[in-house]
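All remarks here apply to the structure that follows.
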Amino acid sequence: MAEYRIESHPILPIEKRPIFTFTWQGRKFDAKQGETISSALFANGVRTFGHHAKDGAPQGIFCANGQCAQCLVLADGHPVKSCMELIRPDVRVEPVEGLPQLPWGPDPGSPSPRIRKIEEVRVPVLIIGGGPAGLSAAIELGRRGVETIVIDDKHRLGGKLVLQTHRFFGSIETVYAGTRGIDIATRLENEVRSRPSVRIWLQSTALAVYSDKKVGVLKGGSRYVLVEPSVLLVTSGAREKNLAFPGNTLPGVYGAGAFQTLVNRDLVRPSKRLFIVGGGNVGLIAGYHALQAGIPVVGLVEAMPECGGYKVHKDKLARFGVPIHTSHTILSANGVDSVESVTIVKVDPRFRPLPGTERSFSCDTVLIAVGLDPVNEFFVKAKEFGLPAFAAGDAEEIAEASAAIFSGKIRGLEVAKSLGADVGEISPDWYDTAEILKSKPGKTEKEEPPGPEKGAFPVLHCVQEIPCDPCTAVCPRDLIKIDPGDIRRLPVFLAREEGKGCTGCEKCVAICPGLAVTLVDFRKDAEFPTVAIPYEFLKESFEAGDRVTVQDTEGAPLGNVEVVAVKAVKANDRTVIIKVRAPKEYAKRIAGIRIQPEQKSEPMDLYVNRTEDDTIVCRCERVTAGTIRNLIRKGVRDINQIKALTRTSMGSCGAKTCTPLVHNLFREEGVPESEIVDQPKRPLFMEVPLGVFAGLPSGEDDHGPK
Ligand code: FES
C-alpha cells in the first residue's frame, strides 16, 4: 500500500529493491527485499501483531531494536522478533495470540543432540557497538595496527547515525559538524573497513561478560562464540526511557528511536498523525524527521516550562507549524486495539496535573522521547570481574552523537596506550573539547537583527549557546567568528569594510545544522530585499511565483510574500534555498516558512477508561502500577521481592523496560533511593535458544535448519 511507504524524501535516496509477496493471516501482501517483517507489516498498514497471553492486550512494536519482544509474530510457525527478522518471499506470518507453541525439538526416541565445541577467539581489543563511538575508537586502534574486533547487532555499521538525516552540530574540525548523520556513518565505516587490523562482525550480539573474563557473542545471528579480549571497550549506546501512563502499551506508542528506524532506515510511513512526548533533542529531531517524511505532527508536550533540547531544533518545529505545549504532560493514550487519540494536561510547577486543563488530539502514534539511559551492563560486569574495560559515547555518558564520536576517538587512543602502543601524550585540550561537546545548552540571548539596511549580509538567528561552529568555516571572507577557545559562544558577523563585505554566497545559510541563518540582500531593491531561507524538504514544494507565509525565529507569522527563486544545487548537499521578496520592515526577522497547517485541539470524547493504578509498568508480564504501589505501601523495599511476588521484570525484555519505572514508583511514594534494594543484573542480555550454548546454530536443532 503506497500510502504507508515513503516514495520521495528530501534527503534519503529511495532505492529500487525487488518486491515479493508474503502472507499475513492468509492475506497476500507485498514486501521489499531487505526489510524486516515488522516494517513489511507497517508498510501494509498492520501495526497490531497479536495479543498478550495474560490479559489479551494488543501488542505491537515498541523498541524496534530486538530488546523487548513486544513485536513477536509467527513466521512459518516459529516465533520471531519481527523487528529483527528479515522478511522472506512467501513466508507465512501470523499474529501471536496467547503463548506461541514451543518450536523444534527432536522427535521422541531420536538420539540426543550432539554437543559441539564452542569456538574461542583471543583478541587484544573487543569493541561492543559499531556506532559513532565504537567506529571512532576502531579507527584510532586500526591506525596503530592494534588487532580489534568490532561487533554490532545490526545489518550495517553506524548505530543511530544511520537514522539521522540532519546535519550535525559540534565542531567541523573534530567531529564532521555540518555533515548529515547518515553520511558521517558512511565515512566512519569506510575508514574502519580500510584498516586491516580491524575485523567487523555484523548481526552479532554480545550476550554476557563472564567471570572468566570471556565475552559470549552470538556471531552473525546464529553461532555462539567466546571472545577473550585483553581489553573490552563498551560503546553500546543508550536505550530510551519509558513512561508509565494509561494506555502506554497500546500499539502505536513507541520510542523515538523505533520511529526513526521505521521512517529513515526502512522508509515506511508508520503514522498519519503523530504526537510527541518530550522536548529534548531526541523528540524535537524525531518531529523534524516526521515532517520530512510527510507525516503531520499534531503536537509535542514537554513537562518543563522550556524544552530541554537545542532552541534551534525547537524553533524549527514551531516554524513548521508544530504546536509545542510546555508545562504539559501526557495523561493517556486512548484506543481499543491501537492508539486513536492522546489526552494531555497542564501541570503545576511540581508536575502535578491541573484538573480542567485536559485536551485531546486525534492521532495514531505517540512517540515517547523522555530521555536515554546508558547501555552499560557489559562495562559494569567487566569491571566487576577484573577485565580491563573502557566505555565511550552514550554507554559512558548520555550526550550528542558528536560527543560520542570524539569520546570514542579519545578512548581508542587510551586503549591503544594501555596495550603498549606508541600514541604519545593525549593532549589535555582533547579532554576539554570532549567536555564542551557534551555540554548542555547554555544561556539564550535576545535576538538583535543586524545593522544598516544595505548590501547583503547573513542574519544569525542562533541565540542560544550550544557547541557548534560550521558557519565560521565556510565564509570565504572569514566574516563569521566564534570565540576560538569555546565553540559554545554565539557566532557573530563582523562589521563590513567597504569592498570586503559579504558576497551573498549563501554558504552559511546552507550549512547551518539548525537552519538558523538567513541571508538578506538589499543590493537590487532597497525596499523589497530578497531573503534566502534554508529548507530541507522536497524542492518541488515551492516554485517561483508562489506565495508563502514567512515567520520569525520562533514561528510567529510575519506576512505573506512571493517566492522569487528555488535553488537546489549539489554544493548545498540537499539543503534547498528558497528566496523570497519581502518588505524591508520585517525582512531581517524572517527565519522560516510554514509548511504544516495550524493543528487545532479538537474537543473530543475522552475515553480514558483506565485509572492510573491500571497503568502497565511491566509490559512483558502485564504487572500494573497499582500492584507494585500496594507492595511499596506495605513496606516492601527490595525489588527482588516485588519480582518474586508479581513476576515484574521476569519477562523477555530482561528487566530493561520496567526497572526504571519501578524506581519511579518508589520515588512517587516518597521512598529514598538509599532504601531501595535493586536486583542484580544477570546475563543474558537477550533471549537465545538454549541450543546455541551447546554449539548449535541458533534456529537449528541437531537435525538441520528450521
Ligand atoms: S519491538 Fe521488536 S524486540 Fe522490541
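Ligands are numbered from 1 in the order shown, chains are lettered A, B, ... in the order of the C-alpha cells, and residues start at 1 in each chain.
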Original post:
Residues at most 9 Å from Asp183 of chain A, counting only C-alpha atoms, excluding those fewer than 4 positions away in the same chain, as a list of chain:residue names?
Top reply: A:Leu161, A:Val162, A:Gln164, A:Thr165, A:Thr179, A:Arg187, A:Leu188
Could you please take those selected residues and save C-alpha atoms as a PDB file, in the first residue's frame?
```
ATOM      1  CA  LEU A 161      23.914   7.779  12.874  1.00  0.00           C
ATOM      2  CA  VAL A 162      22.257   5.885  10.040  1.00  0.00           C
ATOM      3  CA  GLN A 164      19.911  10.898  11.197  1.00  0.00           C
ATOM      4  CA  THR A 165      19.064  12.959   8.124  1.00  0.00           C
ATOM      5  CA  THR A 179      27.643  16.835   7.652  1.00  0.00           C
ATOM      6  CA  ARG A 187      32.643   7.981   6.260  1.00  0.00           C
ATOM      7  CA  LEU A 188      33.426   6.271   9.553  1.00  0.00           C
TER       8      LEU A 188
END
```
**OP:** Collect all residues with atoms no farther than 6 Å from ligand 1, counting only C-alpha atoms and all ligand atoms, and output them as a PyMOL selection string.
**Re:** chain A and resi 61-71+81-83
Original post:
Which is closest to Leu494 of chain A among A:Pro450, A:Gly247, A:Gly237, A:Gly635, if we use only C-alpha atoms?
Top reply: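 Of the candidates, the smallest distance to Leu494 of chain A is held by A:Pro450.
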**OP:** Find the residues around Lys409 of chain A up to 12 Å (only C-alpha atoms counted), leave out those fewer than 2 positions away in its own chain, and share them as a PyMOL selection string.
**Re:** chain A and resi 132-143+174-175+188+233+235+391-393+402-407+411-416+426+430-431+433-434
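In terms of minimum interatomic distance to Glu536 of chain A, A:Ile11 ranks closest within A:Ala401, A:Ile11, A:Ile632, A:Ile593, counting only C-alpha atoms.
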Please identify every residue of segment 9-125 of chain A that has at least one atom no farther than 12 Å from an atom of segment 215-219 of chain A, counting only C-alpha atoms, and for each give the shortest atom pair and the distance in Å to one decimal, arranged by chain then increasing number, as a Markdown table.
```
| residue | atom | partner | partner_atom | distance |
| --- | --- | --- | --- | --- |
| A:Ile118 | CA | A:Gly216 | CA | 10.2 |
| A:Glu119 | CA | A:Val217 | CA | 10.4 |
| A:Glu120 | CA | A:Gly216 | CA | 9.5 |
| A:Val121 | CA | A:Val215 | CA | 9.8 |
| A:Arg122 | CA | A:Val215 | CA | 10.4 |
| A:Val123 | CA | A:Val215 | CA | 11.2 |
| A:Val125 | CA | A:Val215 | CA | 11.6 |
```
Expected file: the selected residues, N, CA and C atoms, as a compact mmCIF listing (two decimals), in the first residue's frame:
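Output below, filename part07.txt:
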```
# COMPACT_ATOMS: atom_id res chain seq x y z
N ILE A 118 32.55 -25.07 21.30
CA ILE A 118 32.32 -23.64 21.08
C ILE A 118 33.63 -23.00 20.63
N GLU A 119 33.55 -22.22 19.55
CA GLU A 119 34.75 -21.53 19.06
C GLU A 119 35.19 -20.47 20.07
N GLU A 120 36.50 -20.41 20.30
CA GLU A 120 37.02 -19.37 21.20
C GLU A 120 38.01 -18.50 20.43
N VAL A 121 37.94 -17.19 20.65
CA VAL A 121 38.78 -16.24 19.91
C VAL A 121 39.48 -15.34 20.92
N ARG A 122 40.79 -15.22 20.80
CA ARG A 122 41.52 -14.25 21.64
C ARG A 122 41.86 -13.04 20.79
N VAL A 123 41.68 -11.88 21.35
CA VAL A 123 41.94 -10.65 20.58
C VAL A 123 42.35 -9.55 21.56
N VAL A 125 41.63 -6.31 21.49
CA VAL A 125 40.53 -5.39 21.82
C VAL A 125 39.21 -5.89 21.22
```
